[in-house]
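*Asks:* So I've got this file, target.cif, and it contains mmCIF, C-alpha atoms:
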data_target
#
loop_
_atom_site.group_PDB
_atom_site.id
_atom_site.type_symbol
_atom_site.label_atom_id
_atom_site.label_comp_id
_atom_site.auth_asym_id
_atom_site.auth_seq_id
_atom_site.Cartn_x
_atom_site.Cartn_y
_atom_site.Cartn_z
ATOM 1 C CA MET N 856 1.464 -19.426 6.836
ATOM 2 C CA LEU N 857 2.669 -18.939 3.291
ATOM 3 C CA LYS N 858 0.906 -20.935 0.624
ATOM 4 C CA LEU N 859 2.615 -20.960 -2.746
ATOM 5 C CA LEU N 860 0.962 -22.333 -5.836
ATOM 6 C CA ALA N 861 2.698 -22.512 -9.190
ATOM 7 C CA ILE N 862 0.107 -21.757 -11.839
ATOM 8 C CA SER N 863 2.246 -22.789 -14.814
ATOM 9 C CA VAL N 864 5.881 -23.710 -15.150
ATOM 10 C CA PHE N 865 8.390 -23.537 -17.968
ATOM 11 C CA ALA N 866 12.092 -22.849 -18.201
ATOM 12 C CA ALA N 867 12.911 -19.179 -18.094
ATOM 13 C CA GLN N 868 14.908 -18.187 -21.131
ATOM 14 C CA PRO N 869 15.657 -14.690 -22.333
ATOM 15 C CA LEU N 870 13.599 -13.746 -25.340
ATOM 16 C CA ALA N 871 14.998 -12.949 -28.723
ATOM 17 C CA ALA N 872 13.742 -9.682 -30.189
ATOM 18 C CA GLY N 873 11.500 -11.497 -32.642
ATOM 19 C CA ASN N 874 9.799 -13.447 -29.846
ATOM 20 C CA LEU N 875 8.696 -10.520 -27.709
ATOM 21 C CA GLY N 876 5.182 -10.395 -29.077
ATOM 22 C CA HIS N 877 3.001 -7.340 -29.294
ATOM 23 C CA PRO N 878 0.332 -6.230 -26.851
ATOM 24 C CA ALA N 879 -3.165 -6.907 -28.137
ATOM 25 C CA GLY N 880 -4.759 -5.030 -25.251
ATOM 26 C CA GLU N 881 -3.976 -1.996 -23.145
ATOM 27 C CA VAL N 882 -0.289 -1.761 -22.207
ATOM 28 C CA VAL N 883 0.033 -2.143 -18.425
ATOM 29 C CA LEU N 884 3.816 -2.464 -18.094
ATOM 30 C CA THR N 885 6.708 -0.964 -20.028
ATOM 31 C CA VAL N 886 10.261 -2.166 -19.375
ATOM 32 C CA THR N 887 13.283 -0.192 -20.588
ATOM 33 C CA GLY N 888 16.976 -0.934 -20.260
ATOM 34 C CA ALA N 889 16.694 -4.700 -20.708
ATOM 35 C CA PRO N 890 18.839 -6.270 -23.452
ATOM 36 C CA THR N 891 15.671 -7.309 -25.285
ATOM 37 C CA ALA N 892 14.339 -3.749 -25.032
ATOM 38 C CA GLU N 893 17.264 -2.504 -27.111
ATOM 39 C CA ASP N 894 16.138 -4.810 -29.906
ATOM 40 C CA ALA N 895 12.503 -3.744 -29.469
ATOM 41 C CA GLY N 896 12.926 -0.022 -30.035
ATOM 42 C CA GLY N 897 14.049 0.734 -26.499
ATOM 43 C CA ALA N 898 11.076 -0.672 -24.589
ATOM 44 C CA VAL N 899 9.268 -3.945 -24.063
ATOM 45 C CA ARG N 900 5.537 -3.466 -23.567
ATOM 46 C CA PHE N 901 3.190 -5.951 -21.888
ATOM 47 C CA ASP N 902 -0.564 -6.167 -21.714
ATOM 48 C CA LEU N 903 -2.193 -8.302 -19.010
ATOM 49 C CA GLY N 904 -2.472 -11.262 -21.367
ATOM 50 C CA MET N 905 1.257 -11.222 -22.090
ATOM 51 C CA LEU N 906 2.079 -11.094 -18.376
ATOM 52 C CA ALA N 907 -0.345 -13.939 -17.693
ATOM 53 C CA GLU N 908 1.476 -16.049 -20.299
ATOM 54 C CA LEU N 909 4.621 -15.931 -18.179
ATOM 55 C CA ARG N 910 4.966 -18.394 -15.326
ATOM 56 C CA SER N 911 2.797 -17.034 -12.551
ATOM 57 C CA VAL N 912 2.437 -17.892 -8.896
ATOM 58 C CA GLU N 913 -0.172 -17.296 -6.246
ATOM 59 C CA PHE N 914 0.487 -16.834 -2.563
ATOM 60 C CA GLU N 915 -1.285 -15.694 0.553
ATOM 61 C CA THR N 916 0.162 -13.110 2.885
ATOM 62 C CA SER N 917 -0.916 -10.272 5.121
ATOM 63 C CA THR N 918 0.032 -6.692 4.237
ATOM 64 C CA ILE N 919 0.146 -3.426 6.136
ATOM 65 C CA TRP N 920 -2.393 -1.972 3.665
ATOM 66 C CA THR N 921 -5.113 -4.617 3.924
ATOM 67 C CA GLN N 922 -7.055 -6.461 6.605
ATOM 68 C CA GLY N 923 -6.173 -10.109 7.223
ATOM 69 C CA VAL N 924 -4.502 -12.593 4.910
ATOM 70 C CA GLN N 925 -4.867 -11.800 1.219
ATOM 71 C CA SER N 926 -4.273 -13.807 -1.959
ATOM 72 C CA PHE N 927 -2.070 -12.403 -4.728
ATOM 73 C CA GLU N 928 -1.351 -13.816 -8.170
ATOM 74 C CA GLY N 929 1.251 -12.572 -10.580
ATOM 75 C CA VAL N 930 4.589 -12.980 -12.268
ATOM 76 C CA PRO N 931 7.573 -13.495 -9.984
ATOM 77 C CA LEU N 932 9.959 -10.575 -10.403
ATOM 78 C CA VAL N 933 12.751 -13.111 -10.949
ATOM 79 C CA GLN N 934 10.739 -14.599 -13.849
ATOM 80 C CA LEU N 935 10.437 -11.232 -15.590
ATOM 81 C CA VAL N 936 14.133 -10.510 -15.006
ATOM 82 C CA ASP N 937 15.149 -13.888 -16.442
ATOM 83 C CA HIS N 938 12.627 -13.658 -19.285
ATOM 84 C CA LEU N 939 14.053 -10.330 -20.458
ATOM 85 C CA GLY N 940 17.704 -11.178 -19.743
ATOM 86 C CA ILE N 941 17.998 -8.280 -17.309
ATOM 87 C CA THR N 942 21.334 -7.651 -15.634
ATOM 88 C CA GLY N 943 22.515 -4.729 -13.577
ATOM 89 C CA THR N 944 22.028 -3.715 -9.998
ATOM 90 C CA THR N 945 18.759 -1.828 -9.690
ATOM 91 C CA LEU N 946 15.249 -1.714 -11.082
ATOM 92 C CA ARG N 947 13.477 1.638 -10.903
ATOM 93 C CA ALA N 948 9.765 0.892 -10.549
ATOM 94 C CA THR N 949 7.439 3.769 -11.348
ATOM 95 C CA ALA N 950 3.715 4.148 -10.760
ATOM 96 C CA ILE N 951 1.061 5.812 -12.876
ATOM 97 C CA ASN N 952 1.417 8.996 -10.768
ATOM 98 C CA ASP N 953 5.232 9.018 -11.353
ATOM 99 C CA TYR N 954 6.026 7.863 -7.790
ATOM 100 C CA ALA N 955 9.207 5.792 -8.149
ATOM 101 C CA VAL N 956 11.196 3.392 -5.995
ATOM 102 C CA ASP N 957 14.465 1.608 -6.547
ATOM 103 C CA ILE N 958 14.428 -2.153 -6.077
ATOM 104 C CA PRO N 959 17.755 -3.974 -5.871
ATOM 105 C CA LEU N 960 18.013 -6.631 -8.558
ATOM 106 C CA ALA N 961 19.073 -8.909 -5.688
ATOM 107 C CA ASP N 962 15.411 -8.887 -4.545
ATOM 108 C CA ALA N 963 14.481 -10.819 -7.705
ATOM 109 C CA VAL N 964 14.764 -14.316 -6.224
ATOM 110 C CA GLN N 965 12.677 -17.483 -6.178
ATOM 111 C CA GLY N 966 10.044 -17.112 -3.468
ATOM 112 C CA GLY N 967 10.449 -13.329 -3.565
ATOM 113 C CA PRO N 968 8.263 -10.490 -4.825
ATOM 114 C CA ILE N 969 5.762 -10.778 -7.634
ATOM 115 C CA ILE N 970 4.230 -8.315 -10.020
ATOM 116 C CA ALA N 971 0.685 -9.007 -8.917
ATOM 117 C CA TYR N 972 -2.157 -8.590 -11.369
ATOM 118 C CA LYS N 973 -4.790 -10.332 -9.255
ATOM 119 C CA HIS N 974 -5.797 -9.691 -5.662
ATOM 120 C CA ASN N 975 -8.127 -12.235 -4.067
ATOM 121 C CA GLY N 976 -8.776 -13.761 -7.491
ATOM 122 C CA ARG N 977 -9.720 -10.514 -9.237
ATOM 123 C CA GLU N 978 -7.853 -8.188 -11.540
ATOM 124 C CA MET N 979 -7.082 -4.922 -9.770
ATOM 125 C CA SER N 980 -8.426 -1.581 -10.922
ATOM 126 C CA VAL N 981 -6.416 1.612 -10.554
ATOM 127 C CA ARG N 982 -8.678 2.469 -7.616
ATOM 128 C CA ASP N 983 -7.671 -0.822 -5.949
ATOM 129 C CA LYS N 984 -3.891 -0.445 -6.330
ATOM 130 C CA GLY N 985 -3.831 -1.924 -9.830
ATOM 131 C CA PRO N 986 -3.507 -2.899 -12.423
ATOM 132 C CA LEU N 987 -0.092 -4.021 -11.136
ATOM 133 C CA TRP N 988 1.329 -4.106 -7.607
ATOM 134 C CA ILE N 989 4.739 -5.371 -6.530
ATOM 135 C CA VAL N 990 3.969 -7.600 -3.566
ATOM 136 C CA TYR N 991 6.453 -9.456 -1.386
ATOM 137 C CA PRO N 992 5.422 -12.586 0.537
ATOM 138 C CA TYR N 993 5.697 -10.586 3.772
ATOM 139 C CA ASP N 994 4.685 -13.460 6.037
ATOM 140 C CA SER N 995 7.378 -15.796 4.671
ATOM 141 C CA LYS N 996 10.446 -13.967 6.038
ATOM 142 C CA THR N 997 11.006 -11.436 8.770
ATOM 143 C CA GLU N 998 13.335 -9.614 6.336
ATOM 144 C CA TYR N 999 10.245 -8.793 4.241
ATOM 145 C CA GLN N 1000 8.588 -7.090 7.226
ATOM 146 C CA SER N 1001 10.573 -3.864 7.165
ATOM 147 C CA GLU N 1002 9.946 -0.266 6.148
ATOM 148 C CA VAL N 1003 12.516 -0.632 3.364
ATOM 149 C CA VAL N 1004 10.681 -3.573 1.786
ATOM 150 C CA TYR N 1005 7.282 -1.983 2.336
ATOM 151 C CA SER N 1006 8.548 1.097 0.469
ATOM 152 C CA ARG N 1007 9.456 -1.130 -2.505
ATOM 153 C CA SER N 1008 5.906 -2.501 -2.677
ATOM 154 C CA ILE N 1009 4.744 -0.052 -5.287
ATOM 155 C CA TRP N 1010 1.184 -0.211 -6.535
ATOM 156 C CA GLN N 1011 -0.259 1.203 -9.764
ATOM 157 C CA LEU N 1012 3.048 0.098 -11.304
ATOM 158 C CA ASP N 1013 3.279 0.899 -14.997
ATOM 159 C CA ARG N 1014 6.982 0.927 -15.841
ATOM 160 C CA ILE N 1015 10.312 -0.532 -14.860
ATOM 161 C CA ASP N 1016 13.630 0.941 -15.909
ATOM 162 C CA VAL N 1017 16.791 -1.143 -15.577
ATOM 163 C CA ILE N 1018 19.567 0.864 -13.939
ATOM 164 C CA LYS N 1019 22.979 -0.501 -14.854
#
Just give me the structure of the file as structure tokens.
*Replies:*
Amino acid sequence: MLKLLAISVFAAQPLAAGNLGHPAGEVVLTVTGAPTAEDAGGAVRFDLGMLAELRSVEFETSTIWTQGVQSFEGVPLVQLVDHLGITGTTLRATAINDYAVDIPLADAVQGGPIIAYKHNGREMSVRDKGPLWIVYPYDSKTEYQSEVVYSRSIWQLDRIDVIK
């Protein structure tokens, strides 16, 4: 059973270049190709604190990589897309080791995947698939229980490039 908990809620509005903020800590996610990235020198960089400031959600789901039902907390992909004013057709998600997958922008929907930064209430280390992992609520829809979706569930995520 899917449990969804909204941690904080505010209207998603694209950011103006002056409102992007600057990472105070280690950069964990770099986004290129977003309209706001053009105004920010080509890339928007987030530390964990900046991601946590966005509306986050928590849900429970089972995965093919873990035992039993797990809890994940993070920013809905749709929230990040809306926040940065992203348009296009595809997001190329790339991991620390340069493994990359293409995620259709159509996957960025309410109740869809999140960019998880917590697993079972704890921040994730690189050793534990972190610091970021794109996680779908696999138990919520049979469409999310496919090899295609599993292949989009990239862990050790560190950058997203918008493909027009």
*Asks:* Which residue out of N:Ser926, N:Ser917, N:Thr885, N:Thr942 has the minimum interatomic distance to Met905 of chain N when all atoms listed in the file are used?
*Replies:*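 The answer is N:Thr885, which sits nearest to Met905 of chain N.
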*Asks:* I need the residue nearest Ile951 of chain N from this list: N:Gly929, N:Gly976, N:Gly985, N:Pro890. Use all atoms listed in the file for the distance.
*Replies:*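 The shortest atom-to-atom distance to Ile951 of chain N comes from N:Gly985.
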*Asks:* Where does the PyMOL selection byres ((chain N and resi 961) around 12) land in this file, that is, which residues does it pick, as a ChimeraX atom specification?
*Replies:* /N:932-933,936,941-946,957-960,962-965,967-968
*Asks:* Can you give me, as a list in words, the residues this file yields under the PyMOL selection byres ((chain N and resi 934) around 10)?
*Replies:* Ala866, Ala867, Gln868, Pro869, Leu909, Arg910, Ser911, Val930, Pro931, Leu932, Val933, Leu935, Val936, Asp937, His938, Leu939, Gly940, Ala963, Val964, Gln965, Ile969 and Ile970 of chain N
*Asks:* With 8 Å of padding per side, what axis-aligned box (centre and edge lengths, Å, one decimal) covers all the listed atoms of segment 911-922 of chain N? Give it as lines of an AutoDock Vina configuration file.
*Replies:*
center_x = -2.1
center_y = -9.9
center_z = -3.0
size_x = 25.9
size_y = 31.9
size_z = 35.2
*Asks:* Point out the residue among N:Pro878, N:Gly888, N:Tyr999, N:Asp1013 with the least atom-to-atom distance to Glu908 of chain N, counting all atoms listed in the file.
*Replies:* N:Pro878
*Asks:* Assuming the chain letters and numbering stay as they are in my file, what does the PyMOL selection byres ((chain N and resi 1003) around 12) actually select? List them as a tab-separated table (two decimals) with C-alpha atoms, in the frame of the given file.
*Replies:*
chain	number	residue	atom	x	y	z
N	956	VAL	CA	11.20	3.39	-6.00
N	957	ASP	CA	14.46	1.61	-6.55
N	958	ILE	CA	14.43	-2.15	-6.08
N	959	PRO	CA	17.76	-3.97	-5.87
N	962	ASP	CA	15.41	-8.89	-4.54
N	991	TYR	CA	6.45	-9.46	-1.39
N	998	GLU	CA	13.34	-9.61	6.34
N	999	TYR	CA	10.24	-8.79	4.24
N	1000	GLN	CA	8.59	-7.09	7.23
N	1001	SER	CA	10.57	-3.86	7.16
N	1002	GLU	CA	9.95	-0.27	6.15
N	1004	VAL	CA	10.68	-3.57	1.79
N	1005	TYR	CA	7.28	-1.98	2.34
N	1006	SER	CA	8.55	1.10	0.47
N	1007	ARG	CA	9.46	-1.13	-2.50
N	1008	SER	CA	5.91	-2.50	-2.68
N	1009	ILE	CA	4.74	-0.05	-5.29
*Asks:* With all atoms listed in the file as the counted atoms, please give the residues lying no more than 8 Å from Thr916 of chain N, apart from itself and same-chain residues fewer than 5 positions off, as a list in words.
*Replies:*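 Once the nearby chain positions are removed, what remains is Met856, Leu857, Val924, Gln925, Ser926, Phe927, Pro992, Tyr993, Asp994 and Ser995 of chain N.
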